[in-house]
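Below is work08.cif, holding mmCIF, C-alpha atoms.
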data_query
loop_
_atom_site.label_atom_id
_atom_site.label_comp_id
_atom_site.auth_asym_id
_atom_site.auth_seq_id
_atom_site.Cartn_x
_atom_site.Cartn_y
_atom_site.Cartn_z
CA MET A 59 12.78 -16.76 30.30
CA SER A 60 10.19 -14.04 29.59
CA ILE A 61 11.45 -11.14 27.49
CA LEU A 62 8.07 -9.36 27.44
CA GLU A 63 5.43 -9.11 30.17
CA ILE A 64 2.02 -7.56 29.46
CA ASN A 65 0.19 -6.93 32.73
CA SER A 66 -3.53 -6.00 33.03
CA LEU A 67 -3.37 -3.72 30.00
CA LYS A 68 -6.33 -1.38 29.50
CA LYS A 69 -6.79 1.34 26.90
CA VAL A 70 -9.73 3.73 26.81
CA TYR A 71 -10.03 6.39 24.12
CA THR A 72 -12.11 9.49 24.77
CA THR A 73 -13.86 11.05 21.79
CA ARG A 74 -13.68 14.76 21.06
CA PHE A 75 -14.93 16.93 23.92
CA GLY A 76 -15.11 13.80 26.09
CA ALA A 77 -18.60 12.91 24.91
CA ASN A 78 -17.97 9.18 24.65
CA GLU A 79 -15.42 6.60 25.71
CA VAL A 80 -14.29 3.66 23.61
CA THR A 81 -12.54 0.76 25.34
CA ALA A 82 -9.99 -0.73 22.95
CA LEU A 83 -8.32 -3.05 25.48
CA LYS A 84 -9.96 -4.30 28.67
CA ASN A 85 -7.65 -6.52 30.70
CA VAL A 86 -4.90 -8.03 28.57
CA SER A 87 -2.14 -10.06 30.21
CA PHE A 88 0.37 -12.45 28.66
CA THR A 89 4.09 -13.07 28.43
CA VAL A 90 6.44 -13.73 25.52
CA GLU A 91 9.50 -15.91 25.96
CA LYS A 92 12.87 -15.01 24.48
CA GLY A 93 13.09 -16.47 20.98
CA GLU A 94 9.33 -16.95 20.57
CA TYR A 95 7.44 -16.21 17.34
CA VAL A 96 3.93 -15.06 18.25
CA ALA A 97 1.13 -14.18 15.83
CA VAL A 98 -1.72 -11.96 17.04
CA MET A 99 -5.08 -12.35 15.30
CA GLY A 100 -8.54 -10.82 15.64
CA GLU A 101 -11.23 -9.06 13.66
CA SER A 102 -10.92 -5.38 12.76
CA GLY A 103 -11.64 -3.37 15.88
CA SER A 104 -10.70 -6.23 18.21
CA GLY A 105 -7.84 -4.26 19.79
CA LYS A 106 -4.86 -6.07 18.24
CA THR A 107 -3.44 -2.95 16.55
CA THR A 108 -3.86 -0.95 19.76
CA LEU A 109 -2.00 -3.71 21.58
CA LEU A 110 0.84 -3.62 19.06
CA ASN A 111 1.08 0.18 19.26
CA ILE A 112 1.36 0.05 23.05
CA VAL A 113 4.03 -2.67 22.94
CA ALA A 114 5.82 -0.53 20.33
CA ALA A 115 5.75 2.44 22.73
CA LEU A 116 3.80 4.43 20.12
CA ASP A 117 0.82 4.72 22.45
CA LYS A 118 0.37 4.60 26.22
CA PRO A 119 -2.14 2.44 28.09
CA THR A 120 -4.80 3.86 30.38
CA SER A 121 -3.59 1.36 32.98
CA GLY A 122 -1.39 -1.70 33.20
CA SER A 123 2.23 -2.16 32.20
CA VAL A 124 4.50 -3.37 29.40
CA VAL A 125 7.83 -4.69 30.66
CA LEU A 126 10.54 -5.49 28.10
CA ASN A 127 13.63 -7.14 29.56
CA GLY A 128 12.93 -5.59 32.96
CA ASN A 129 12.17 -2.09 31.60
CA ASN A 130 8.64 -0.82 32.20
CA ILE A 131 8.26 1.16 28.98
CA THR A 132 4.93 2.66 30.07
CA LYS A 133 6.87 4.73 32.63
CA LEU A 134 9.34 6.23 30.16
CA HIS A 135 9.16 9.88 29.08
CA ASP A 136 8.77 10.86 25.43
CA LYS A 137 12.49 11.52 24.85
CA GLN A 138 13.38 8.24 26.52
CA LEU A 139 10.78 6.40 24.42
CA ALA A 140 12.31 7.53 21.13
CA ALA A 141 15.72 6.21 22.13
CA PHE A 142 14.19 3.01 23.56
CA ARG A 143 12.33 2.23 20.33
CA ARG A 144 15.46 2.86 18.28
CA ASP A 145 17.74 0.74 20.46
CA HIS A 146 15.48 -2.15 21.50
CA LEU A 147 12.69 -2.59 18.95
CA GLY A 148 12.61 -3.41 15.24
CA PHE A 149 9.59 -2.63 13.06
CA VAL A 150 8.24 -4.19 9.87
CA PHE A 151 5.19 -2.44 8.40
CA GLN A 152 2.64 -3.43 5.77
CA ASP A 153 3.52 -0.46 3.54
CA PHE A 154 7.32 -0.85 4.03
CA ASN A 155 7.87 2.78 5.19
CA LEU A 156 10.94 3.21 2.99
CA LEU A 157 12.13 6.65 1.86
CA ASP A 158 12.07 6.84 -1.95
CA THR A 159 14.92 9.36 -2.07
CA PHE A 160 17.24 6.95 -0.20
CA THR A 161 18.78 3.77 -1.58
CA LEU A 162 17.82 0.51 0.10
CA GLU A 163 21.19 0.58 1.84
CA ASP A 164 20.62 4.08 3.22
CA ASN A 165 17.10 3.12 4.35
CA ILE A 166 18.54 0.16 6.23
CA PHE A 167 21.30 2.30 7.74
CA LEU A 168 18.89 5.03 8.94
CA PRO A 169 18.32 3.78 12.53
CA LEU A 170 22.08 3.36 12.98
CA VAL A 171 22.70 6.86 11.65
CA LEU A 172 20.20 8.21 14.17
CA ALA A 173 22.01 6.25 16.88
CA GLY A 174 25.32 7.88 15.90
CA LYS A 175 27.09 4.72 14.67
CA ASP A 176 30.10 5.10 12.38
CA HIS A 177 30.12 3.91 8.77
CA LYS A 178 32.55 1.05 9.45
CA GLU A 179 30.23 -0.51 12.02
CA MET A 180 27.21 0.01 9.77
CA SER A 181 28.95 -1.75 6.88
CA GLU A 182 29.95 -4.64 9.13
CA ARG A 183 26.40 -5.04 10.37
CA ILE A 184 24.66 -4.88 7.00
CA ALA A 185 26.77 -7.45 5.15
CA PRO A 186 25.55 -10.67 6.89
CA ILE A 187 21.94 -9.41 7.07
CA ALA A 188 21.81 -8.50 3.38
CA ASP A 189 23.33 -11.87 2.53
CA MET A 190 20.78 -13.77 4.63
CA LEU A 191 17.88 -11.82 3.10
CA GLY A 192 19.23 -12.07 -0.45
CA ILE A 193 19.42 -8.33 -1.13
CA THR A 194 23.18 -7.73 -1.34
CA ASP A 195 22.94 -6.94 -5.08
CA LEU A 196 20.02 -4.56 -4.50
CA LEU A 197 21.50 -2.26 -1.86
CA LYS A 198 22.36 0.57 -4.26
CA LYS A 199 18.90 0.54 -5.85
CA TYR A 200 16.05 2.85 -4.82
CA PRO A 201 12.70 1.55 -3.52
CA TYR A 202 10.91 2.44 -6.78
CA GLU A 203 13.37 0.22 -8.68
CA VAL A 204 12.57 -3.02 -6.83
CA SER A 205 9.54 -5.26 -6.25
CA GLY A 206 7.24 -5.23 -3.23
CA GLY A 207 8.86 -8.40 -1.88
CA GLN A 208 12.31 -6.87 -2.22
CA LYS A 209 11.14 -3.70 -0.46
CA GLN A 210 9.81 -5.79 2.41
CA ARG A 211 13.10 -7.68 2.69
CA ALA A 212 14.86 -4.31 2.94
CA ALA A 213 12.39 -3.33 5.68
CA VAL A 214 13.22 -6.56 7.54
CA ALA A 215 16.94 -5.76 7.20
CA ARG A 216 16.31 -2.29 8.67
CA ALA A 217 14.49 -3.91 11.59
CA LEU A 218 17.32 -6.39 12.21
CA ILE A 219 20.31 -4.09 11.88
CA THR A 220 19.89 -2.53 15.33
CA LYS A 221 20.05 -6.02 16.91
CA PRO A 222 16.67 -5.47 18.60
CA GLN A 223 15.37 -7.41 21.55
CA LEU A 224 11.99 -7.65 19.83
CA ILE A 225 10.71 -7.37 16.25
CA LEU A 226 7.15 -6.08 15.82
CA ALA A 227 5.49 -6.78 12.47
CA ASP A 228 2.19 -5.16 11.49
CA GLU A 229 0.49 -7.08 8.64
CA PRO A 230 3.88 -7.64 6.97
CA THR A 231 2.39 -9.69 4.09
CA GLY A 232 -0.59 -7.38 3.52
CA ALA A 233 0.88 -5.58 0.48
CA LEU A 234 2.54 -8.65 -1.07
CA ASP A 235 1.39 -11.24 -3.58
CA SER A 236 1.27 -14.90 -2.54
CA ARG A 237 4.76 -15.73 -3.78
CA ALA A 238 6.39 -12.75 -2.06
CA SER A 239 4.37 -13.49 1.09
CA ASP A 240 5.62 -17.08 1.20
CA GLU A 241 9.18 -15.88 0.75
CA LEU A 242 8.86 -13.28 3.51
CA LEU A 243 7.36 -15.81 5.92
CA ARG A 244 10.19 -18.22 5.15
CA LEU A 245 12.64 -15.45 6.01
CA PHE A 246 10.77 -14.65 9.23
CA SER A 247 11.07 -18.31 10.26
CA GLN A 248 14.78 -18.22 9.45
CA VAL A 249 15.25 -15.03 11.48
CA ASN A 250 13.33 -16.56 14.38
CA GLU A 251 15.40 -19.74 14.25
CA SER A 252 18.49 -17.57 14.75
CA GLY A 253 17.04 -16.57 18.15
CA GLN A 254 15.13 -13.38 17.26
CA THR A 255 11.87 -12.79 19.14
CA ILE A 256 8.97 -11.77 16.86
CA ILE A 257 5.41 -10.55 17.44
CA MET A 258 3.35 -10.32 14.25
CA VAL A 259 -0.16 -8.89 13.91
CA THR A 260 -1.91 -10.45 10.93
CA HIS A 261 -5.29 -11.20 9.35
CA SER A 262 -3.70 -13.99 7.33
CA THR A 263 -4.27 -17.53 8.59
CA ALA A 264 -1.43 -18.69 6.33
CA ALA A 265 0.94 -16.18 7.93
CA ALA A 266 -0.15 -17.04 11.47
CA SER A 267 0.30 -20.76 10.81
CA ARG A 268 4.06 -20.17 10.48
CA ALA A 269 4.33 -18.87 14.07
CA ASN A 270 5.00 -20.89 17.20
CA ARG A 271 2.02 -19.47 19.07
CA VAL A 272 -1.16 -17.72 17.99
CA LEU A 273 -2.84 -15.23 20.34
CA PHE A 274 -6.47 -14.34 19.55
CA ILE A 275 -7.88 -10.97 20.61
CA LYS A 276 -11.64 -10.38 20.76
CA ASP A 277 -13.42 -7.29 22.07
CA GLY A 278 -10.24 -6.02 23.71
CA GLU A 279 -9.43 -9.23 25.58
CA VAL A 280 -7.35 -12.36 25.07
CA TYR A 281 -9.90 -14.85 23.73
CA HIS A 282 -7.69 -17.89 23.25
CA GLN A 283 -4.13 -19.07 22.52
CA ILE A 284 -2.82 -21.93 20.40
CA TYR A 285 0.66 -23.34 20.77
CA ARG A 286 2.25 -25.12 17.83
CA GLY A 287 3.77 -27.98 19.77
CA LYS A 288 4.53 -30.70 17.21
CA ASP A 289 1.91 -29.50 14.71
CA THR A 290 2.83 -28.92 11.09
CA ASP A 291 1.91 -25.63 9.39
CA ASP A 292 -1.15 -27.32 7.86
CA GLN A 293 -2.31 -28.70 11.21
CA LEU A 294 -1.86 -25.32 12.88
CA TYR A 295 -3.69 -23.68 9.95
CA THR A 296 -6.69 -25.94 10.62
CA LYS A 297 -6.72 -25.14 14.35
CA ILE A 298 -6.51 -21.40 13.62
CA THR A 299 -9.39 -21.61 11.14
CA GLN A 300 -11.52 -23.48 13.68
CA THR A 301 -10.79 -20.91 16.39
CA LEU A 302 -11.59 -17.98 14.08
CA THR A 303 -14.92 -19.64 13.21
CA LEU A 304 -15.74 -20.01 16.91
CA MET A 305 -14.85 -16.37 17.50
CA MET A 306 -17.22 -15.23 14.77
CA THR A 307 -20.09 -17.53 15.78
CA GLY A 308 -19.74 -17.08 19.53
CA GLY A 309 -19.12 -20.78 20.20
CA ASP A 310 -17.14 -22.25 23.09
CA LYS A 311 -13.37 -22.57 22.76
#
Here is a file; write its structure as C-alpha cells.
Amino acid sequence: MSILEINSLKKVYTTRFGANEVTALKNVSFTVEKGEYVAVMGESGSGKTTLLNIVAALDKPTSGSVVLNGNNITKLHDKQLAAFRRDHLGFVFQDFNLLDTFTLEDNIFLPLVLAGKDHKEMSERIAPIADMLGITDLLKKYPYEVSGGQKQRAAVARALITKPQLILADEPTGALDSRASDELLRLFSQVNESGQTIIMVTHSTAAASRANRVLFIKDGEVYHQIYRGKDTDDQLYTKITQTLTLMMTGGDK
C-alpha cells in the first residue's frame, strides 16, 4: 500500500527580476510504500534537497503533486500546511535544530505543546521513545551538555513523538563522527522495523546502504533505483558505489 505518491513533480526557480530560470526538478514520479526505508542520493545541485523540501511541505512545486495518505499537500493553504507538517510529518536535520534554552525533554515535547496536548499524554508518549533511543537519563540535560550523537537521538525522539505517517531525514549523519553515525543508523533501522516509514537524503554511501531502497536523482530527474532484496549492507554498498560511479562518468545503468 502506497503511503506517498509523487506525480510528475517539476520545480522551476526564477532568479531576481525574472532574468533567468533554474529547473531544479524536471519530471519526478515515484511512490513509497507504508513501512519503507528509502534513501535519496545525488550530487550537490541534483535536486534531492528540493525534492525533500517539497515532500516536507516547505516548498511548493511548479507543477505535479505530492499525495500523502490520500491528501494532496500541494493544494493546502499555508495555515493548513503548518498543521499538516506538525501532525503528519517528523523531521530529523543534520544540525539537530534543538533549542539550547530548552532541556532535551522540552525540545522533544515542543511539537506536542504546539498541538495542544496535555502533560500527561506527553509524558506517556515520551517514556517508551526515550527508552528505545537510550536517552531516558538525559532528558533533563540541555543540548550543550550532551554529545552530537545524543543530540541527534533527541531529534529523532522529537520526530517520533507525534506518531508521524512519514519521517524525513536530511543528512542526519552529516554532523556526527563515525561511531555516532553507526549508532544513529542502527536506531533508524530499529525505528523502521517497528513500521515507521522513512525517507532520508544523504551523501553517505554507508548511510544509504542501511535503507531498503536507494533512489538516485540526477539533473532533476530520477536516474535509477536499487532495491535491497536479499542483499546485505555490504552488497548494497557495492551496488550504490557502482551506480554513483556511473552517474559521474555518464555510463549506462
(message) Residues within 8 Å of range 237-243 of chain A, please, as a PyMOL selection string. Count only C-alpha atoms; anything in the same chain fewer than 4 positions from it doesn't count.
(response) chain A and resi 206-207+210-211+231+247+265+268
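Once the PyMOL selection byres ((chain A and resi 217-221) around 9) is applied to this file, the selection holds Arg144, Asp145, His146, Leu147, Gly148, Phe149, Val150, Ile166, Phe167, Pro169, Leu170, Met180, Arg183, Ile184, Ile187, Ala212, Ala213, Val214, Ala215, Arg216, Pro222, Gln223, Leu224, Ile225, Leu226, Val249 and Gln254 of chain A.
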(request) Could you tell me which residues the PyMOL selection byres ((chain A and resi 266) around 9) grabs in this file, written as a ChimeraX atom specification? (result) /A:96-99,258-265,267-272,294-295,298
(message) What does the structure give for the distance between CA of Thr89 in chain A and CA of Tyr281 in chain A, in Å to one decimal?
(response)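 Taking CA of Thr89 in chain A as the start and CA of Tyr281 in chain A as the end point, the length is 14.9 Å.
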(request) Take CA of Phe160 in chain A and CA of Leu245 in chain A and report the distance between them in Å, one decimal. (result)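 Atom-to-atom, CA of Phe160 in chain A and CA of Leu245 in chain A are spaced 23.7 Å apart.
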(request) Using only C-alpha atoms, find the one residue out of A:Thr108, A:Thr255, A:Ser102, A:Thr307 that sits nearest to Ser60 in chain A. (result)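 Under the stated criterion, the closest residue is A:Thr255.
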(message) Using Å and a single decimal, report how far CA of Leu83 in chain A sits from CA of Leu109 in chain A.
(response) 7.5 Å
